[in-house]
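Encoded as structure tokens, the structure appears first; notes follow it.
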Amino acid sequence: MSQAALRNVSVEIGDGEFVGLIGPTGSGKSTLIQHFNGLLMPDSGKVYVDGVDLTRKGTQLRLIRQKVGMVFQYPEHQLFGETVLEDVGFGPRNGGLSDEAVIQRVEEALAYVGLDYEAIKNQSPFELSGGQKRRVAIAGVLAMRPAALILDEPTAGLDPEGREEILAQIKQLHAEGGMTVVLVTHSMEDVARFVDRLIVIEQGAIALDGTPVEVFRQAARLKEMGLGVPEITDLMHELKAHGLDVNTDILTVAEAEKEIIRVMGWQT
Amino acid sequence: MRMLRSVTIGQHIPGDSVIHRLDPRTKILSSIFLIMLLFVVKGFIGYGLVALGIALVIRASGIPWRFVLRGVRPLIVILVLTLTLHLFMTEGRVIFQIWFLKVTWEGLIRGLMMGTRLVLLIIGTSMLTLTTSPMQLTDGIETLLKPGKKIGIPAHELAMMMTIALRFIPTLLEETEKIMKAQMARGADFQSGGITQRAKSMIPLLVPLFVNAFRRADDLAIAMEARGYRGGEGRTKLRELKFQRLDVMGLGLVLAFALVVGVFF
């Protein structure tokens, strides 16, 4: 693997933003996010977290990794603890916290992902259902109280209900906890509904960057890249092409409903 | 994490040389002869002749020398250890003495011989894996073991296990890297601390690795059955191994060489 992974990326993510990162397979999404907490180091270029240059020698990467939580694809494949308590507490323990503090963190983190601490703490993570495993694994990252959370396809392989739950919990973390969130995904529907800002990356460069509405206006460009727009947005574009004068900046079914009723002049 | 990528078990360099074209069985048998020969040879002339023979094979294979010699590098510690042990532990005519440590003439010779034997062993056998693809290798082993079936040696199963093991080395390395990163993101430290500390820090890496390996094995078994795998019984091959004139000549040559060197040196 000696080919150039990534090239001219330049991106800034502000405090408290909810950013979606999309791009075709092999565009460099996973490579890019691993630079955010110093798991990968650039051969050239700089990475700053809170003004600290990660590429400088002597940077305390451990502190950076506490600040920037990273949830990998299929995070449940990294579970190892005999109990949920042990597994979720791994991060805080590495941070040198006392037993009580660790327990408190675990309780808090499990609550964030909608799991009951008392009911689950002594269970083996390997006995849980797929969705629960995923949430325990995410709690393991949240237990470090990161200021930013990076999730690489957190809903891959889950059923619709599980996806909804996890996304809603992430949204809540952002809204109530003020956490900066970067969500890597293939689902246009997910980003349309949840993120404030959408970054499209293609062959290691930022292709598009803006609000979801702005980005999805470039439907043709996105399709060229092998991506798409949410189905409902696609439908609105089709309606427009067939002569119905609808606004195409539509991202959800509810919005579409209202818009169609408006254009058709129906009474409700 | 680069080091994980540089593991070279069973590394194979494709090519079209005489050595590459030999039947894998020829090469496996030759390697066995070589190993036996190295344990029979008694003196430096014999080792020299064997080294010459191996050199000719390397030359004929067209594989760069540095590639072959690189295989010896991990052995350096063992080589030094072997040499030192023999140097100091052998009784005989003393060359010089430091305090109670006696360096003897016999020790020097024996140490050097052991070292040479090890190096030749590694280089010689690495020629087998370097010039034979894993597929061919397992095919060869399977055919060679076939007569053993009568006495209960599961030839096909062994070969299949080897193929699968080789196939999964890169996959497992990749997986290891992934898990390491995930745990490092949670503040795990795999590098520092004493031996117990380090062994302990391996748990969060090894447990998921094993769990995933078993899961993968299960999936693989199901996928194989879904494609009609029922073991070796009645299974045909796309490429049948065939002994050619070249193989007969090669094997004859190696055998003759081994006999002459083994008997006279």
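Chains: A, B, ... in order of the structure tokens. Residues: from 1 per chain. Ligands: from 1, in order shown.
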
Residue hits in chain B, query chain A, radius 12 Å, only C-alpha atoms, as a VMD selection string: chain B and resid 1 to 2 5 to 6 175 to 190 201 to 216

Straight-line distance linking CA of Ala101 (chain A) with CA of Ala139 (chain A), stated in Å to one decimal: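 We find that CA of Ala101 (chain A) and CA of Ala139 (chain A) lie 15.3 Å from each other.
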
In region 53-229 of chain B, DSSP alpha helix (DSSP H) residues written as an NGL selection string: :B and (53-61 or 65-70 or 76-89 or 105-131 or 134-145 or 155-185 or 195-201 or 203-226)

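Reported to one decimal place, the separation of CA of Asp53 (chain A) from CA of Lys171 (chain A) is 28.8 Å.
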
DSSP strand (DSSP E) residues within region 37-191 of chain A, as a compact mmCIF listing (two decimals) with N, CA and C atoms, in the first residue's frame:
```txt
# COMPACT_ATOMS: atom_id res chain seq x y z
N TYR A 48 -4.35 20.11 13.91
CA TYR A 48 -4.48 20.82 15.18
C TYR A 48 -5.76 20.39 15.88
N VAL A 49 -5.64 20.12 17.18
CA VAL A 49 -6.82 19.89 18.00
C VAL A 49 -6.75 20.90 19.14
N VAL A 52 -3.54 22.61 19.55
CA VAL A 52 -2.33 21.82 19.77
C VAL A 52 -1.96 21.09 18.48
N ASP A 53 -0.71 21.20 18.09
CA ASP A 53 -0.25 20.56 16.86
C ASP A 53 0.09 19.10 17.15
N VAL A 68 -10.74 13.67 21.90
CA VAL A 68 -11.40 13.31 20.65
C VAL A 68 -11.74 11.83 20.68
N GLY A 69 -12.99 11.52 21.03
CA GLY A 69 -13.40 10.11 21.11
C GLY A 69 -13.63 9.56 19.72
N MET A 70 -13.22 8.30 19.52
CA MET A 70 -13.33 7.72 18.18
C MET A 70 -14.08 6.40 18.25
N VAL A 71 -15.21 6.34 17.55
CA VAL A 71 -15.96 5.08 17.47
C VAL A 71 -15.74 4.50 16.08
N ALA A 148 -15.19 15.91 21.67
CA ALA A 148 -15.65 15.67 20.30
C ALA A 148 -15.80 14.17 20.10
N LEU A 149 -16.76 13.80 19.29
CA LEU A 149 -17.01 12.38 19.05
C LEU A 149 -16.99 12.14 17.55
N ILE A 150 -16.19 11.16 17.15
CA ILE A 150 -16.12 10.83 15.73
C ILE A 150 -16.65 9.42 15.55
N LEU A 151 -17.64 9.27 14.69
CA LEU A 151 -18.25 7.95 14.52
C LEU A 151 -18.14 7.51 13.07
N ASP A 152 -17.56 6.34 12.85
CA ASP A 152 -17.41 5.80 11.50
C ASP A 152 -18.53 4.80 11.27
N THR A 180 -19.14 18.13 19.99
CA THR A 180 -18.85 18.23 18.57
C THR A 180 -18.95 16.82 18.00
N VAL A 181 -19.69 16.64 16.92
CA VAL A 181 -19.85 15.30 16.37
C VAL A 181 -19.48 15.27 14.89
N VAL A 182 -18.68 14.28 14.53
CA VAL A 182 -18.41 14.04 13.12
C VAL A 182 -18.94 12.65 12.79
N LEU A 183 -19.87 12.60 11.85
CA LEU A 183 -20.54 11.35 11.53
C LEU A 183 -20.16 10.93 10.11
N VAL A 184 -19.45 9.81 10.02
CA VAL A 184 -19.11 9.27 8.70
C VAL A 184 -20.19 8.27 8.32
```

Spatial neighbours of Asp190 (chain A), 12 Å, only C-alpha atoms, chain gap at least 4 places, as a ChimeraX atom specification: /A:19-22,153-156,160,163-164,166-168,170-171,183-186,194-196,198,212,229-231,251-252

Residues from the last selection, N, CA and C atoms, saved as a JSON list (two decimals), in the first residue's frame:
```json
[["chain", "number", "residue", "atom", "x", "y", "z"],
["A", 19, "VAL", "N", -21.22, 17.51, 12.16],
["A", 19, "VAL", "CA", -20.77, 17.45, 10.78],
["A", 19, "VAL", "C", -20.98, 16.04, 10.22],
["A", 20, "GLY", "N", -21.48, 15.96, 9.02],
["A", 20, "GLY", "CA", -21.57, 14.69, 8.32],
["A", 20, "GLY", "C", -20.44, 14.61, 7.31],
["A", 21, "LEU", "N", -19.81, 13.44, 7.25],
["A", 21, "LEU", "CA", -18.71, 13.27, 6.29],
["A", 21, "LEU", "C", -19.12, 12.15, 5.35],
["A", 22, "ILE", "N", -19.32, 12.47, 4.08],
["A", 22, "ILE", "CA", -19.67, 11.41, 3.14],
["A", 22, "ILE", "C", -18.69, 11.41, 1.98],
["A", 153, "GLU", "N", -19.51, 5.19, 10.51],
["A", 153, "GLU", "CA", -20.66, 4.34, 10.20],
["A", 153, "GLU", "C", -21.23, 3.64, 11.43],
["A", 154, "PRO", "N", -21.73, 4.42, 12.37],
["A", 154, "PRO", "CA", -22.19, 3.80, 13.62],
["A", 154, "PRO", "C", -23.43, 2.94, 13.46],
["A", 155, "THR", "N", -24.14, 3.07, 12.34],
["A", 155, "THR", "CA", -25.38, 2.31, 12.20],
["A", 155, "THR", "C", -25.26, 1.14, 11.25],
["A", 156, "ALA", "N", -24.05, 0.89, 10.73],
["A", 156, "ALA", "CA", -23.88, -0.20, 9.76],
["A", 156, "ALA", "C", -24.31, -1.53, 10.37],
["A", 160, "PRO", "N", -33.57, -1.14, 11.35],
["A", 160, "PRO", "CA", -34.04, 0.25, 11.32],
["A", 160, "PRO", "C", -34.25, 0.83, 12.71],
["A", 163, "ARG", "N", -30.93, 1.63, 14.32],
["A", 163, "ARG", "CA", -30.33, 2.80, 13.68],
["A", 163, "ARG", "C", -30.93, 4.07, 14.25],
["A", 164, "GLU", "N", -32.27, 4.10, 14.29],
["A", 164, "GLU", "CA", -32.97, 5.29, 14.79],
["A", 164, "GLU", "C", -32.52, 5.63, 16.20],
["A", 166, "ILE", "N", -29.78, 4.81, 17.88],
["A", 166, "ILE", "CA", -28.41, 5.28, 18.00],
["A", 166, "ILE", "C", -28.27, 6.70, 17.48],
["A", 167, "LEU", "N", -28.88, 6.96, 16.33],
["A", 167, "LEU", "CA", -28.78, 8.31, 15.77],
["A", 167, "LEU", "C", -29.44, 9.34, 16.69],
["A", 168, "ALA", "N", -30.60, 8.96, 17.25],
["A", 168, "ALA", "CA", -31.29, 9.89, 18.15],
["A", 168, "ALA", "C", -30.41, 10.19, 19.36],
["A", 170, "ILE", "N", -27.16, 10.09, 19.51],
["A", 170, "ILE", "CA", -26.03, 10.93, 19.11],
["A", 170, "ILE", "C", -26.50, 12.39, 19.00],
["A", 171, "LYS", "N", -27.67, 12.53, 18.39],
["A", 171, "LYS", "CA", -28.25, 13.87, 18.24],
["A", 171, "LYS", "C", -28.42, 14.53, 19.62],
["A", 183, "LEU", "N", -19.87, 12.60, 11.85],
["A", 183, "LEU", "CA", -20.54, 11.35, 11.53],
["A", 183, "LEU", "C", -20.16, 10.93, 10.11],
["A", 184, "VAL", "N", -19.45, 9.81, 10.02],
["A", 184, "VAL", "CA", -19.11, 9.27, 8.70],
["A", 184, "VAL", "C", -20.19, 8.27, 8.32],
["A", 185, "THR", "N", -20.75, 8.39, 7.16],
["A", 185, "THR", "CA", -21.85, 7.49, 6.81],
["A", 185, "THR", "C", -22.01, 7.35, 5.31],
["A", 186, "HIS", "N", -22.76, 6.32, 4.93],
["A", 186, "HIS", "CA", -23.11, 6.17, 3.51],
["A", 186, "HIS", "C", -24.57, 6.54, 3.29],
["A", 194, "PHE", "N", -29.93, 14.72, 10.28],
["A", 194, "PHE", "CA", -29.27, 15.00, 11.55],
["A", 194, "PHE", "C", -28.21, 16.09, 11.52],
["A", 195, "VAL", "N", -27.44, 16.21, 10.46],
["A", 195, "VAL", "CA", -26.26, 17.08, 10.58],
["A", 195, "VAL", "C", -26.58, 18.52, 10.19],
["A", 196, "ASP", "N", -25.71, 19.42, 10.68],
["A", 196, "ASP", "CA", -25.85, 20.83, 10.34],
["A", 196, "ASP", "C", -24.98, 21.18, 9.15],
["A", 198, "LEU", "N", -22.40, 19.45, 6.00],
["A", 198, "LEU", "CA", -22.09, 18.24, 5.27],
["A", 198, "LEU", "C", -20.81, 18.44, 4.45],
["A", 212, "PRO", "N", -26.67, 20.68, 4.50],
["A", 212, "PRO", "CA", -27.20, 19.59, 3.68],
["A", 212, "PRO", "C", -28.01, 20.11, 2.49],
["A", 229, "VAL", "N", -28.62, 11.67, -3.53],
["A", 229, "VAL", "CA", -29.29, 12.57, -2.60],
["A", 229, "VAL", "C", -30.35, 11.73, -1.91],
["A", 230, "PRO", "N", -30.92, 12.20, -0.79],
["A", 230, "PRO", "CA", -31.99, 11.42, -0.17],
["A", 230, "PRO", "C", -33.10, 11.15, -1.18],
["A", 231, "GLU", "N", -33.75, 10.01, -1.04],
["A", 231, "GLU", "CA", -34.76, 9.63, -2.02],
["A", 231, "GLU", "C", -35.85, 10.68, -2.16],
["A", 251, "LEU", "N", -35.57, 17.85, 2.43],
["A", 251, "LEU", "CA", -34.75, 16.74, 2.91],
["A", 251, "LEU", "C", -35.54, 15.65, 3.62],
["A", 252, "THR", "N", -36.76, 15.97, 4.06],
["A", 252, "THR", "CA", -37.52, 14.95, 4.78],
["A", 252, "THR", "C", -38.90, 14.80, 4.18]]
```

Shell around region 26-43 of chain B at 6 Å using only C-alpha atoms, local window under 2 positions removed, as a PyMOL selection string: chain B and resi 23-24+45-46+125+262+265

Selection: 12 Å around Phe100 (chain B), only C-alpha atoms, excl. self and same-chain fewer than 3 positions, as a list in words: Phe88, Met89, Val94, Phe96, Gln97 and Val103 of chain B

Residue selection dump (N, CA and C atoms) as a compact mmCIF listing (two decimals), in the first residue's frame:
```txt
# COMPACT_ATOMS: atom_id res chain seq x y z
N PHE B 88 32.25 -20.97 24.99
CA PHE B 88 32.66 -21.01 26.39
C PHE B 88 32.43 -22.35 27.07
N MET B 89 31.52 -23.13 26.52
CA MET B 89 31.11 -24.33 27.25
C MET B 89 31.84 -25.60 26.81
N VAL B 94 42.75 -24.59 25.32
CA VAL B 94 42.37 -23.21 25.61
C VAL B 94 43.11 -22.24 24.70
N PHE B 96 42.37 -18.60 24.92
CA PHE B 96 42.67 -17.63 25.97
C PHE B 96 41.61 -17.72 27.06
N GLN B 97 41.87 -17.04 28.15
CA GLN B 97 41.03 -17.20 29.32
C GLN B 97 40.75 -15.85 29.95
N VAL B 103 37.97 -19.84 26.57
CA VAL B 103 37.62 -19.97 25.16
C VAL B 103 38.49 -21.05 24.56
```

Contact residues around Pro64 (chain B) with only C-alpha atoms at 12 Å, ignoring same-chain residues under 5 positions, as a ChimeraX atom specification: /B:13,15,55,57-59,69-70,127,130-131

How would the residues just picked look written out with N, CA and C atoms as a PDB file, in the first residue's frame?
```
ATOM      1  N   ILE B  13       7.959 -15.128  -3.993  1.00  0.00           N
ATOM      2  CA  ILE B  13       8.268 -14.192  -5.067  1.00  0.00           C
ATOM      3  C   ILE B  13       8.014 -14.888  -6.397  1.00  0.00           C
ATOM      4  N   GLY B  15       7.903 -15.938 -10.264  1.00  0.00           N
ATOM      5  CA  GLY B  15       8.946 -15.860 -11.268  1.00  0.00           C
ATOM      6  C   GLY B  15       8.763 -16.979 -12.281  1.00  0.00           C
ATOM      7  N   ALA B  55      23.833 -21.836  -3.355  1.00  0.00           N
ATOM      8  CA  ALA B  55      24.112 -20.627  -4.127  1.00  0.00           C
ATOM      9  C   ALA B  55      23.711 -20.821  -5.583  1.00  0.00           C
ATOM     10  N   VAL B  57      21.428 -22.800  -6.718  1.00  0.00           N
ATOM     11  CA  VAL B  57      19.965 -22.804  -6.800  1.00  0.00           C
ATOM     12  C   VAL B  57      19.427 -21.370  -6.751  1.00  0.00           C
ATOM     13  N   ILE B  58      19.997 -20.562  -5.835  1.00  0.00           N
ATOM     14  CA  ILE B  58      19.532 -19.169  -5.734  1.00  0.00           C
ATOM     15  C   ILE B  58      19.775 -18.454  -7.055  1.00  0.00           C
ATOM     16  N   ARG B  59      20.977 -18.696  -7.588  1.00  0.00           N
ATOM     17  CA  ARG B  59      21.342 -18.078  -8.856  1.00  0.00           C
ATOM     18  C   ARG B  59      20.339 -18.459  -9.944  1.00  0.00           C
ATOM     19  N   LEU B  69      18.966 -13.320   1.869  1.00  0.00           N
ATOM     20  CA  LEU B  69      19.753 -13.107   3.081  1.00  0.00           C
ATOM     21  C   LEU B  69      18.925 -12.455   4.176  1.00  0.00           C
ATOM     22  N   ARG B  70      17.911 -11.689   3.776  1.00  0.00           N
ATOM     23  CA  ARG B  70      17.073 -11.023   4.764  1.00  0.00           C
ATOM     24  C   ARG B  70      16.432 -12.030   5.723  1.00  0.00           C
ATOM     25  N   MET B 127      14.314 -21.090   0.271  1.00  0.00           N
ATOM     26  CA  MET B 127      14.214 -21.161  -1.189  1.00  0.00           C
ATOM     27  C   MET B 127      12.948 -21.898  -1.602  1.00  0.00           C
ATOM     28  N   LEU B 130      10.115 -19.325  -1.114  1.00  0.00           N
ATOM     29  CA  LEU B 130      10.278 -18.163  -1.989  1.00  0.00           C
ATOM     30  C   LEU B 130       9.894 -18.474  -3.435  1.00  0.00           C
ATOM     31  N   THR B 131      10.131 -19.701  -3.854  1.00  0.00           N
ATOM     32  CA  THR B 131       9.884 -20.007  -5.262  1.00  0.00           C
ATOM     33  C   THR B 131       8.596 -20.788  -5.493  1.00  0.00           C
TER      34      THR B 131
END
```

Coordinates-based distance that separates CA of Tyr229 (chain B) from CA of Leu144 (chain B) (Å, one decimal):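 Value for the CA of Leu144 (chain B)-CA of Tyr229 (chain B) distance: 21.9 Å.
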
Which of A:Ala175, A:Val113, A:Ala256, A:Leu235 sits closest to Ile138 (chain A) [using only C-alpha atoms]: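 Of A:Ala175, A:Val113, A:Ala256, A:Leu235, the one nearest Ile138 (chain A), counting only C-alpha atoms, is A:Val113.
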
From B:Gly124, B:Ile98, B:Arg230, B:Gly107, residue lying nearest Glu157 (chain B) [only C-alpha atoms]: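 Using only C-alpha atoms, the shortest distance to Glu157 (chain B) belongs to B:Arg230.
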
Nearby residues (only C-alpha atoms) at most 9 Å from Ser17 (chain B), same-chain spacing under 3 positions excluded, as a list in words: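 The filter keeps His20, Arg21, Leu22, Ala60, Ser61, Gly62 and Thr131 of chain B.
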
Residue selection dump (N, CA and C atoms) as a PDB file, in the first residue's frame:
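Below you can see part_26.pdb, which holds the result:
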```
ATOM      1  N   HIS B  20      11.389 -22.105 -10.234  1.00  0.00           N
ATOM      2  CA  HIS B  20       9.954 -21.830 -10.078  1.00  0.00           C
ATOM      3  C   HIS B  20       9.120 -22.889 -10.789  1.00  0.00           C
ATOM      4  N   ARG B  21       9.624 -23.359 -11.933  1.00  0.00           N
ATOM      5  CA  ARG B  21       8.814 -24.264 -12.746  1.00  0.00           C
ATOM      6  C   ARG B  21       8.810 -25.699 -12.236  1.00  0.00           C
ATOM      7  N   LEU B  22       9.723 -26.009 -11.345  1.00  0.00           N
ATOM      8  CA  LEU B  22       9.775 -27.376 -10.814  1.00  0.00           C
ATOM      9  C   LEU B  22       8.477 -27.723 -10.102  1.00  0.00           C
ATOM     10  N   ALA B  60      20.014 -19.735  -9.992  1.00  0.00           N
ATOM     11  CA  ALA B  60      19.111 -20.214 -11.038  1.00  0.00           C
ATOM     12  C   ALA B  60      17.692 -19.675 -10.844  1.00  0.00           C
ATOM     13  N   SER B  61      17.334 -19.378  -9.596  1.00  0.00           N
ATOM     14  CA  SER B  61      15.959 -18.929  -9.338  1.00  0.00           C
ATOM     15  C   SER B  61      15.766 -17.465  -9.699  1.00  0.00           C
ATOM     16  N   GLY B  62      16.860 -16.722  -9.802  1.00  0.00           N
ATOM     17  CA  GLY B  62      16.752 -15.312 -10.172  1.00  0.00           C
ATOM     18  C   GLY B  62      16.222 -14.433  -9.054  1.00  0.00           C
ATOM     19  N   THR B 131      10.131 -19.701  -3.854  1.00  0.00           N
ATOM     20  CA  THR B 131       9.884 -20.007  -5.262  1.00  0.00           C
ATOM     21  C   THR B 131       8.596 -20.788  -5.493  1.00  0.00           C
TER      22      THR B 131
END
```
